[in-house]
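Below is protein_34.cif, holding mmCIF, C-alpha atoms and all ligand atoms.
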```
data_data
loop_
_atom_site.label_atom_id
_atom_site.label_comp_id
_atom_site.auth_asym_id
_atom_site.auth_seq_id
_atom_site.Cartn_x
_atom_site.Cartn_y
_atom_site.Cartn_z
CA MET U 1 -6.80 -34.85 -13.06
CA GLN U 2 -8.30 -32.66 -15.72
CA LYS U 3 -6.89 -29.12 -15.56
CA LEU U 4 -9.37 -26.29 -15.45
CA ILE U 5 -9.35 -22.64 -16.32
CA ASP U 6 -12.38 -20.78 -15.00
CA PRO U 7 -13.22 -17.90 -17.35
CA TRP U 8 -15.52 -16.33 -14.79
CA GLY U 9 -13.18 -16.64 -11.83
CA SER U 10 -10.30 -14.52 -10.67
CA GLY U 11 -7.93 -17.36 -9.82
CA LEU U 12 -4.27 -17.02 -10.62
CA LEU U 13 -2.44 -18.96 -13.24
CA GLU U 14 1.03 -19.68 -11.99
CA ASP U 15 3.01 -20.68 -14.96
CA TYR U 16 2.38 -19.86 -18.57
CA GLU U 17 4.63 -22.61 -19.87
CA LYS U 18 2.62 -25.10 -17.91
CA ILE U 19 -0.61 -23.76 -19.40
CA VAL U 20 0.81 -24.21 -22.88
CA LYS U 21 1.65 -27.81 -22.05
CA ASP U 22 -1.51 -28.71 -20.16
CA PHE U 23 -3.83 -27.37 -22.84
CA GLY U 24 -1.78 -28.30 -25.88
CA LEU U 25 -1.45 -24.71 -27.10
CA GLU U 26 0.96 -23.51 -29.75
CA VAL U 27 3.77 -21.32 -28.51
CA PHE U 28 3.53 -17.94 -30.20
CA ASN U 29 6.46 -17.01 -32.41
CA SER U 30 6.46 -13.36 -33.43
CA LYS U 31 8.74 -14.15 -36.36
CA SER U 32 5.93 -15.89 -38.21
CA PHE U 33 3.82 -12.72 -38.27
CA LEU U 34 4.34 -9.72 -40.48
CA GLU U 35 5.24 -6.55 -38.52
CA PRO U 36 4.42 -7.94 -35.05
CA ASN U 37 3.00 -5.43 -32.60
CA ARG U 38 4.58 -4.42 -29.28
CA ILE U 39 3.05 -7.17 -27.15
CA MET U 40 3.84 -9.77 -29.82
CA ARG U 41 7.47 -8.67 -30.07
CA ARG U 42 7.90 -8.73 -26.30
CA ASN U 43 6.45 -12.14 -25.62
CA VAL U 44 3.45 -10.78 -23.78
CA VAL U 45 1.50 -12.60 -26.45
CA PHE U 46 2.60 -16.13 -25.67
CA ALA U 47 0.35 -18.73 -27.25
CA GLY U 48 -2.47 -19.52 -29.60
CA ARG U 49 -4.19 -22.14 -31.71
CA ASP U 50 -3.93 -22.64 -35.46
CA LEU U 51 -1.82 -19.54 -35.85
CA ALA U 52 -0.20 -20.55 -39.14
CA ARG U 53 -3.54 -20.32 -40.93
CA ILE U 54 -3.79 -16.65 -39.98
CA ALA U 55 -0.13 -15.85 -40.65
CA ASP U 56 -0.67 -17.34 -44.09
CA ALA U 57 -3.86 -15.35 -44.72
CA ILE U 58 -1.99 -12.15 -43.85
CA LYS U 59 0.96 -13.02 -46.01
CA HIS U 60 -1.11 -13.95 -49.04
CA LYS U 61 -3.77 -11.32 -48.48
CA LYS U 62 -6.54 -13.88 -48.14
CA LYS U 63 -9.81 -13.05 -46.43
CA PHE U 64 -10.07 -13.64 -42.70
CA TYR U 65 -11.77 -12.13 -39.69
CA ALA U 66 -10.75 -11.08 -36.19
CA LEU U 67 -13.37 -11.07 -33.47
CA SER U 68 -13.50 -10.56 -29.76
CA GLY U 69 -16.05 -9.59 -27.17
CA ILE U 70 -16.43 -7.60 -24.02
CA MET U 71 -18.82 -7.74 -21.10
CA PRO U 72 -19.96 -4.19 -20.30
CA THR U 73 -19.96 -4.90 -16.59
CA ASN U 74 -17.75 -2.22 -15.06
CA ASP U 75 -17.41 1.48 -15.66
CA ARG U 76 -13.69 1.13 -16.38
CA ILE U 77 -11.65 -1.34 -18.40
CA HIS U 78 -8.22 -2.77 -17.65
CA PHE U 79 -4.91 -3.54 -19.30
CA GLY U 80 -6.17 -6.96 -20.37
CA ASN U 81 -8.90 -5.36 -22.47
CA LYS U 82 -6.27 -3.05 -23.91
CA MET U 83 -4.22 -6.01 -25.11
CA VAL U 84 -7.24 -7.62 -26.74
CA ILE U 85 -7.80 -4.38 -28.63
CA GLU U 86 -4.18 -4.08 -29.62
CA ASN U 87 -4.27 -7.55 -31.12
CA LEU U 88 -7.60 -6.88 -32.84
CA ALA U 89 -6.17 -3.64 -34.22
CA TYR U 90 -3.11 -5.50 -35.43
CA PHE U 91 -5.21 -7.96 -37.43
CA GLN U 92 -7.45 -5.17 -38.61
CA LYS U 93 -4.42 -3.36 -39.97
CA HIS U 94 -3.40 -6.53 -41.73
CA GLY U 95 -6.66 -7.03 -43.55
CA ALA U 96 -9.02 -8.74 -41.10
CA LYS U 97 -12.70 -8.05 -41.16
CA THR U 98 -12.99 -6.89 -37.54
CA ILE U 99 -15.93 -7.53 -35.25
CA VAL U 100 -16.57 -6.72 -31.60
CA ALA U 101 -19.37 -8.46 -29.70
CA ILE U 102 -20.85 -6.58 -26.78
CA ALA U 103 -21.60 -9.45 -24.42
CA ASP U 104 -24.66 -7.97 -22.79
CA LEU U 105 -26.42 -11.35 -22.56
CA GLU U 106 -23.42 -12.80 -20.76
CA ALA U 107 -23.23 -9.77 -18.45
CA ALA U 108 -26.89 -10.27 -17.60
CA ALA U 109 -26.54 -14.01 -17.09
CA VAL U 110 -23.33 -14.18 -15.08
CA ARG U 111 -23.03 -10.70 -13.56
CA GLY U 112 -26.65 -9.68 -13.11
CA VAL U 113 -26.30 -6.47 -15.13
CA SER U 114 -29.59 -5.59 -16.78
CA LEU U 115 -29.60 -5.46 -20.57
CA ALA U 116 -30.60 -1.78 -20.49
CA GLU U 117 -27.76 -0.90 -18.16
CA ALA U 118 -25.26 -2.95 -20.17
CA ARG U 119 -26.27 -1.19 -23.38
CA LYS U 120 -25.96 2.23 -21.81
CA ARG U 121 -22.50 1.48 -20.45
CA ALA U 122 -21.31 0.00 -23.71
CA LEU U 123 -22.41 3.00 -25.75
CA GLU U 124 -21.15 5.58 -23.31
CA PHE U 125 -17.92 3.93 -22.40
CA HIS U 126 -16.79 0.53 -23.69
CA ILE U 127 -17.24 1.13 -27.39
CA PRO U 128 -15.67 4.62 -27.26
CA ALA U 129 -12.79 3.22 -25.19
CA TYR U 130 -12.19 0.44 -27.69
CA ILE U 131 -11.96 2.99 -30.47
CA ALA U 132 -9.73 5.24 -28.41
CA LEU U 133 -7.37 2.31 -27.88
CA GLY U 134 -6.88 1.71 -31.57
CA LEU U 135 -9.80 0.16 -33.42
CA ASN U 136 -10.63 1.89 -36.66
CA PRO U 137 -14.19 3.22 -36.19
CA LYS U 138 -14.92 3.07 -39.91
CA LYS U 139 -13.78 -0.50 -40.31
CA THR U 140 -15.03 -2.15 -37.13
CA VAL U 141 -18.39 -3.86 -36.85
CA PHE U 142 -20.10 -3.89 -33.45
CA TYR U 143 -23.10 -5.75 -32.17
CA PHE U 144 -24.98 -6.48 -28.98
CA GLN U 145 -25.52 -10.17 -28.29
CA SER U 146 -29.12 -9.39 -27.40
CA ASP U 147 -29.74 -7.92 -30.87
CA HIS U 148 -27.93 -10.57 -32.76
CA ARG U 149 -29.97 -13.41 -34.22
CA ASP U 150 -27.09 -15.41 -35.67
CA SER U 151 -25.17 -15.95 -32.41
CA THR U 152 -28.32 -17.07 -30.67
CA ARG U 153 -29.30 -19.38 -33.48
CA ILE U 154 -25.90 -21.02 -33.50
CA ALA U 155 -26.02 -21.24 -29.72
CA PHE U 156 -29.11 -23.41 -29.99
CA GLU U 157 -27.47 -25.65 -32.55
CA ALA U 158 -24.41 -25.88 -30.34
CA ALA U 159 -26.65 -26.99 -27.50
CA GLN U 160 -27.21 -30.17 -29.50
CA LYS U 161 -23.54 -30.89 -29.86
CA ILE U 162 -22.29 -30.82 -26.31
CA THR U 163 -23.21 -32.81 -23.24
CA LEU U 164 -23.52 -31.67 -19.67
CA ASN U 165 -20.57 -33.87 -18.73
CA GLU U 166 -18.35 -32.28 -21.34
CA PHE U 167 -19.37 -28.87 -20.15
CA ARG U 168 -18.57 -29.80 -16.59
CA ALA U 169 -15.22 -31.28 -17.61
CA THR U 170 -14.32 -28.06 -19.40
CA TYR U 171 -15.49 -25.51 -16.84
CA GLY U 172 -15.73 -27.39 -13.56
CA VAL U 173 -19.26 -26.04 -13.20
CA ALA U 174 -22.40 -26.28 -15.28
CA ASP U 175 -25.07 -23.84 -14.21
CA PRO U 176 -27.63 -22.45 -16.65
CA SER U 177 -26.16 -18.95 -16.82
CA ARG U 178 -22.76 -20.25 -17.77
CA ILE U 179 -24.09 -22.71 -20.27
CA MET U 180 -26.14 -20.01 -22.00
CA SER U 181 -23.15 -17.67 -22.05
CA ALA U 182 -20.68 -20.22 -23.38
CA LEU U 183 -23.02 -21.39 -26.13
CA THR U 184 -23.72 -17.80 -27.16
CA GLN U 185 -20.01 -17.18 -27.29
CA ILE U 186 -19.66 -20.10 -29.72
CA GLY U 187 -22.21 -18.29 -31.88
CA ASP U 188 -20.22 -15.06 -31.61
CA ILE U 189 -17.03 -16.76 -32.65
CA VAL U 190 -18.25 -18.59 -35.74
CA PHE U 191 -21.18 -16.58 -37.11
CA PRO U 192 -19.10 -14.47 -39.56
CA GLN U 193 -18.60 -17.67 -41.53
CA LEU U 194 -22.32 -18.03 -42.18
CA GLU U 195 -21.93 -15.30 -44.75
CA GLU U 196 -18.60 -16.43 -46.07
CA ARG U 197 -16.45 -19.37 -45.05
CA MET U 198 -13.09 -17.99 -43.97
CA PRO U 199 -10.45 -18.35 -41.24
CA GLY U 200 -10.95 -16.28 -38.12
CA ILE U 201 -8.79 -15.35 -35.18
CA ILE U 202 -10.03 -14.65 -31.67
CA PRO U 203 -7.70 -12.52 -29.52
CA VAL U 204 -8.49 -13.09 -25.85
CA GLY U 205 -6.93 -13.42 -22.44
CA ILE U 206 -5.97 -16.95 -21.49
CA ASP U 207 -9.01 -17.13 -19.19
CA GLN U 208 -11.18 -17.48 -22.32
CA GLU U 209 -9.36 -20.59 -23.54
CA PRO U 210 -12.15 -23.00 -22.47
CA HIS U 211 -14.60 -21.16 -24.72
CA ILE U 212 -12.19 -21.50 -27.62
CA ARG U 213 -11.83 -25.22 -27.00
CA LEU U 214 -15.58 -25.65 -26.86
CA THR U 215 -15.99 -23.70 -30.09
CA ARG U 216 -13.36 -25.76 -31.84
CA ASP U 217 -15.14 -28.94 -30.76
CA PHE U 218 -18.37 -27.50 -32.15
CA VAL U 219 -16.66 -26.70 -35.45
CA SER U 220 -15.26 -30.24 -35.72
CA ARG U 221 -18.63 -31.78 -34.91
CA THR U 222 -20.51 -29.78 -37.52
CA ARG U 223 -18.26 -30.47 -40.49
CA SER U 224 -21.07 -32.10 -42.41
CA SER U 225 -23.57 -29.32 -41.76
CA PHE U 226 -21.82 -25.96 -41.32
CA ASN U 227 -18.36 -26.90 -42.58
CA PHE U 228 -16.76 -23.88 -40.90
CA PHE U 229 -13.03 -23.21 -41.03
CA GLN U 230 -11.50 -24.19 -37.71
CA VAL U 231 -11.07 -21.01 -35.65
CA SER U 232 -7.70 -19.72 -34.49
CA SER U 233 -6.96 -17.97 -31.22
CA ILE U 234 -4.22 -15.83 -29.75
CA TYR U 235 -3.54 -15.33 -26.03
CA HIS U 236 -1.72 -12.70 -24.04
CA LYS U 237 -0.37 -12.89 -20.52
CA TYR U 238 -1.90 -10.89 -17.72
CA THR U 239 -0.52 -7.52 -16.70
CA PRO U 240 0.87 -8.27 -13.24
CA ALA U 241 -0.41 -6.37 -10.21
CA LEU U 242 1.89 -3.61 -8.98
CA ASN U 243 2.57 -5.67 -5.84
CA GLY U 244 3.95 -8.51 -7.94
CA GLU U 245 0.92 -10.78 -8.03
CA LEU U 246 0.22 -12.43 -11.34
CA LYS U 247 -2.79 -10.40 -12.39
CA MET U 248 -4.02 -6.86 -11.81
CA SER U 249 -7.40 -7.17 -10.19
CA LYS U 250 -10.00 -4.74 -8.96
CA SER U 251 -10.15 -6.64 -5.71
CA LYS U 252 -6.73 -5.12 -4.89
CA PRO U 253 -7.26 -1.50 -5.99
CA GLU U 254 -3.92 -0.28 -4.61
CA SER U 255 -2.12 -2.61 -7.04
CA CYS U 256 -4.41 -2.14 -10.00
CA ILE U 257 -4.49 0.74 -12.46
CA ASP U 258 -7.81 1.20 -14.24
CA LEU U 259 -8.34 2.54 -17.74
CA PRO U 260 -8.85 5.37 -17.54
CA GLU U 261 -7.65 6.43 -14.13
CA ASP U 262 -6.76 9.80 -12.71
CA PRO U 263 -2.99 10.14 -13.35
CA LYS U 264 -2.40 11.36 -9.80
CA SER U 265 -3.87 8.26 -8.28
CA ALA U 266 -2.15 6.03 -10.85
CA CYS U 267 1.21 7.69 -10.07
CA ALA U 268 0.70 7.22 -6.35
CA LYS U 269 0.19 3.51 -6.95
CA ILE U 270 3.26 3.33 -9.20
CA LYS U 271 5.32 5.04 -6.48
CA ARG U 272 4.41 2.23 -4.08
CA ALA U 273 4.93 -0.60 -6.59
CA LEU U 274 7.21 -3.58 -6.12
CA THR U 275 10.51 -2.90 -7.86
CA GLY U 276 13.76 -4.70 -8.42
CA GLY U 277 15.75 -1.88 -6.85
CA ARG U 278 18.29 -2.81 -4.13
CA ASP U 279 18.02 -1.94 -0.45
CA THR U 280 20.61 0.82 -0.46
CA LEU U 281 21.73 3.17 -3.19
CA GLU U 282 25.28 1.95 -2.82
CA GLU U 283 24.22 -1.63 -3.37
CA HIS U 284 22.00 -0.60 -6.29
CA ARG U 285 24.84 1.19 -8.05
CA LYS U 286 27.09 -1.81 -7.55
CA LEU U 287 24.68 -4.67 -8.41
CA GLY U 288 22.01 -3.04 -10.55
CA ALA U 289 18.28 -3.75 -10.51
CA VAL U 290 16.63 -7.17 -10.60
CA ILE U 291 14.46 -6.44 -13.60
CA GLU U 292 12.52 -9.71 -13.50
CA LYS U 293 11.00 -8.64 -10.19
CA ASP U 294 10.22 -5.11 -11.25
CA MET U 295 6.54 -4.37 -11.81
CA VAL U 296 7.20 -0.82 -13.01
CA PHE U 297 9.53 -2.01 -15.73
CA GLU U 298 6.92 -4.61 -16.67
CA LEU U 299 4.32 -1.86 -17.03
CA LEU U 300 6.65 0.12 -19.29
CA LYS U 301 7.42 -2.99 -21.29
CA GLN U 302 3.85 -4.19 -21.70
CA HIS U 303 2.08 -0.88 -22.14
CA LEU U 304 3.85 2.41 -21.92
CA ILE U 305 6.86 2.33 -24.23
CA GLU U 306 6.31 1.63 -27.89
CA ASP U 307 9.87 2.03 -29.13
CA ASP U 308 12.09 -1.03 -28.59
CA LYS U 309 15.27 1.04 -28.53
CA GLU U 310 13.95 3.34 -25.83
CA LEU U 311 12.95 0.35 -23.72
CA GLN U 312 16.33 -1.29 -24.23
CA GLU U 313 18.14 1.85 -23.09
CA ILE U 314 16.09 1.99 -19.91
CA TYR U 315 16.72 -1.70 -19.36
CA ASP U 316 20.48 -1.22 -19.71
CA GLU U 317 20.62 1.82 -17.44
CA TYR U 318 18.48 0.23 -14.75
CA LYS U 319 20.13 -3.17 -14.87
CA GLY U 320 23.53 -1.47 -14.77
CA GLY U 321 22.55 0.40 -11.59
CA ARG U 322 22.91 3.83 -13.20
CA MET U 323 19.16 4.38 -13.03
CA THR U 324 17.39 4.09 -9.66
CA SER U 325 13.93 2.68 -9.13
CA GLY U 326 12.80 6.17 -8.13
CA GLU U 327 13.87 7.43 -11.53
CA LEU U 328 12.20 4.49 -13.25
CA LYS U 329 8.98 5.21 -11.39
CA GLN U 330 9.12 8.83 -12.48
CA ILE U 331 9.40 7.74 -16.12
CA ALA U 332 6.42 5.42 -15.69
CA CYS U 333 4.42 8.13 -13.99
CA ASP U 334 5.14 10.66 -16.76
CA LYS U 335 4.22 8.13 -19.45
CA THR U 336 1.06 7.15 -17.58
CA THR U 337 0.01 10.78 -17.33
CA VAL U 338 0.38 11.29 -21.07
CA PHE U 339 -1.31 7.96 -21.80
CA MET U 340 -4.36 8.69 -19.62
CA LYS U 341 -4.75 12.15 -21.09
CA ARG U 342 -4.75 10.77 -24.63
CA LEU U 343 -7.09 7.98 -23.64
CA ASN U 344 -9.62 10.41 -22.16
CA GLU U 345 -9.45 12.61 -25.23
CA GLY U 346 -9.84 9.58 -27.49
CA ILE U 347 -12.88 8.42 -25.55
CA GLU U 348 -14.46 11.87 -25.82
CA ASP U 349 -13.88 11.92 -29.58
CA ALA U 350 -15.24 8.44 -30.05
CA ARG U 351 -18.34 9.26 -27.98
CA ARG U 352 -19.17 11.86 -30.55
CA LEU U 353 -19.02 9.16 -33.24
CA VAL U 354 -21.43 7.01 -31.24
CA LYS U 355 -23.82 9.92 -30.77
CA ALA U 356 -23.66 10.85 -34.44
CA LYS U 357 -24.43 7.20 -35.25
CA GLU U 358 -21.33 6.90 -37.31
CA LEU U 359 -20.38 3.41 -36.18
CA ASN U 360 -21.31 0.16 -37.87
CA PHE U 361 -23.74 -1.87 -35.81
CA ILE U 362 -25.19 -5.14 -37.03
CA SER U 363 -28.01 -7.20 -35.65
N1 LIG U 401 -16.70 -14.01 -22.47
C1 LIG U 401 -15.99 -12.82 -22.84
C2 LIG U 401 -15.61 -12.08 -21.53
O1 LIG U 401 -15.75 -12.59 -20.48
C3 LIG U 401 -16.76 -11.93 -23.73
C4 LIG U 401 -17.11 -12.52 -25.07
C5 LIG U 401 -18.36 -12.76 -25.54
C6 LIG U 401 -16.21 -12.92 -26.12
N2 LIG U 401 -18.31 -13.25 -26.79
C7 LIG U 401 -17.03 -13.36 -27.18
C8 LIG U 401 -14.82 -12.96 -26.26
C9 LIG U 401 -16.49 -13.85 -28.36
C10 LIG U 401 -14.29 -13.43 -27.44
C11 LIG U 401 -15.11 -13.88 -28.49
O2 LIG U 401 -15.17 -10.97 -21.56
#
```
Could the structure of this file be written out as structure tokens, please?
Amino acid sequence: MQKLIDPWGSGLLEDYEKIVKDFGLEVFNSKSFLEPNRIMRRNVVFAGRDLARIADAIKHKKKFYALSGIMPTNDRIHFGNKMVIENLAYFQKHGAKTIVAIADLEAAAVRGVSLAEARKRALEFHIPAYIALGLNPKKTVFYFQSDHRDSTRIAFEAAQKITLNEFRATYGVADPSRIMSALTQIGDIVFPQLEERMPGIIPVGIDQEPHIRLTRDFVSRTRSSFNFFQVSSIYHKYTPALNGELKMSKSKPESCIDLPEDPKSACAKIKRALTGGRDTLEEHRKLGAVIEKDMVFELLKQHLIEDDKELQEIYDEYKGGRMTSGELKQIACDKTTVFMKRLNEGIEDARRLVKAKELNFIS
């Protein structure tokens, strides 16, 4: 049976290795990329498509672009958005022309958020948050799908190149809102090449893989007209929920930390998280922690500790039973507090840039 990933669903993906196999992805190897970022070094980034083309562009300083998008649906973002930004920022630092699509059309079509509301949220929160999390405000180009002629134009051409059956085989469903959104996303992904043909990389969560596949089919089918470079993609794993489930999700607020979130409430959640600590202190000292099961360590590893040596020291102490899970939680709580404070300050600063119209918007 055809395997499906539903980009609009909240279903869990059990096994990343299996995903790589089922969808014929490339396994990500951080050694092929210059100065890999934290999530690349730690295998949180796990797969992609046509990665060598981008590694090569970085190495030989050739032109390429990095593009991703966000639906301004909620009034907070999550760790998955943070990873998208970190990867975008990585490519930006290594020479990519960097573009962020505000997917207001998609938010209207699949989430029922009005375009006016989506715009307001994006300007007040999502764009400032993206800058606060590491995008260079001077070098990043933003646009709203609803303002952007090129994505829509390409969407209509893409409508010619895909059948309803293919759509259904890719997504499992084929309702008008999803079709419109997916075709617009194809436009988002390839439009930078209308101006100049060049490789592009799309950092996204694995839930967006079907859109990438559809886009790549579109690119192959329009060789004789558009002749775009095939697009590359790069995928990160989910940040697991604090209770050990595969993905943090708003539907389980006690196991999900929002960005931003009040540090007190975040710390309270961390204190109740699933850890790999043993039942008694005596046992813990003797056997050490089971790190693979520890959601607090995972949070430190994925998000809160930049320095590899610092992380390794914590790993050794905890695994050796010299550090307790209570102590580990305290470290995570302290780091979270600092992180949220910086994030809030960064958002405030970036809001000023939005108000002063200092960002680059295209239409
Ligand atoms: N569909 C994406 C989401 O659900 C948003 C998006 C729109 C996007 N256009 C894009 C992502 C282009 C990557 C590239 O969040």
Polymer residues at most 9 Å from (19.7, 1.8, -4.9) by only C-alpha atoms, as an MDAnalysis selection string: chainID U and resid 277:289 321 323:326
Ligand LIG 401 (chain U) neighbours within 9 Å using all atoms listed in the file, as number ranges by chain: U: 7-8, 67-72, 81, 100-107, 145, 181-182, 184-190, 202-205, 207-208, 211-212
Produce a file of the selected residues containing C-alpha atoms, as a short mmCIF file (atom, residue, chain, number, x, y, z; two decimals), keeping the file's coordinate frame.
```cif
data_model
loop_
_atom_site.label_atom_id
_atom_site.label_comp_id
_atom_site.auth_asym_id
_atom_site.auth_seq_id
_atom_site.Cartn_x
_atom_site.Cartn_y
_atom_site.Cartn_z
CA PRO U 7 -13.22 -17.90 -17.35
CA TRP U 8 -15.52 -16.33 -14.79
CA LEU U 67 -13.37 -11.07 -33.47
CA SER U 68 -13.50 -10.56 -29.76
CA GLY U 69 -16.05 -9.59 -27.17
CA ILE U 70 -16.43 -7.60 -24.02
CA MET U 71 -18.82 -7.74 -21.10
CA PRO U 72 -19.96 -4.19 -20.30
CA ASN U 81 -8.90 -5.36 -22.47
CA VAL U 100 -16.57 -6.72 -31.60
CA ALA U 101 -19.37 -8.46 -29.70
CA ILE U 102 -20.85 -6.58 -26.78
CA ALA U 103 -21.60 -9.45 -24.42
CA ASP U 104 -24.66 -7.97 -22.79
CA LEU U 105 -26.42 -11.35 -22.56
CA GLU U 106 -23.42 -12.80 -20.76
CA ALA U 107 -23.23 -9.77 -18.45
CA GLN U 145 -25.52 -10.17 -28.29
CA SER U 181 -23.15 -17.67 -22.05
CA ALA U 182 -20.68 -20.22 -23.38
CA THR U 184 -23.72 -17.80 -27.16
CA GLN U 185 -20.01 -17.18 -27.29
CA ILE U 186 -19.66 -20.10 -29.72
CA GLY U 187 -22.21 -18.29 -31.88
CA ASP U 188 -20.22 -15.06 -31.61
CA ILE U 189 -17.03 -16.76 -32.65
CA VAL U 190 -18.25 -18.59 -35.74
CA ILE U 202 -10.03 -14.65 -31.67
CA PRO U 203 -7.70 -12.52 -29.52
CA VAL U 204 -8.49 -13.09 -25.85
CA GLY U 205 -6.93 -13.42 -22.44
CA ASP U 207 -9.01 -17.13 -19.19
CA GLN U 208 -11.18 -17.48 -22.32
CA HIS U 211 -14.60 -21.16 -24.72
CA ILE U 212 -12.19 -21.50 -27.62
#
```
Distance in Å - atom CA of Glu306 of chain U versus atom CA of Met40 of chain U: 11.8 Å
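For the choices U:Asp50, U:Asp147, U:Glu245, U:Asp349, the atom-to-atom distance to Gln230 of chain U is smallest for U:Asp50 when using all atoms listed in the file.
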One-decimal distance in Å that lies between atom CA of Pro210 of chain U and atom CA of Phe361 of chain U: 27.5 Å
Residues of segment 182-293 of chain U within 10 Å of segment 17-35 of chain U: nearest atom pair and distance (Å, one decimal) for each, counting all atoms listed in the file, sorted by chain and number, as a tab-separated table?
```
residue	atom	partner	partner_atom	distance
U:Ile206	CA	U:Ile19	CA	8.9
U:Glu209	CA	U:Phe23	CA	8.8
U:Pro210	CA	U:Phe23	CA	9.4
U:Arg213	CA	U:Phe23	CA	9.3
U:Ser233	CA	U:Leu25	CA	9.6
U:Ile234	CA	U:Phe28	CA	8.0
U:Tyr235	CA	U:Phe28	CA	8.6
U:His236	CA	U:Phe28	CA	9.6
```
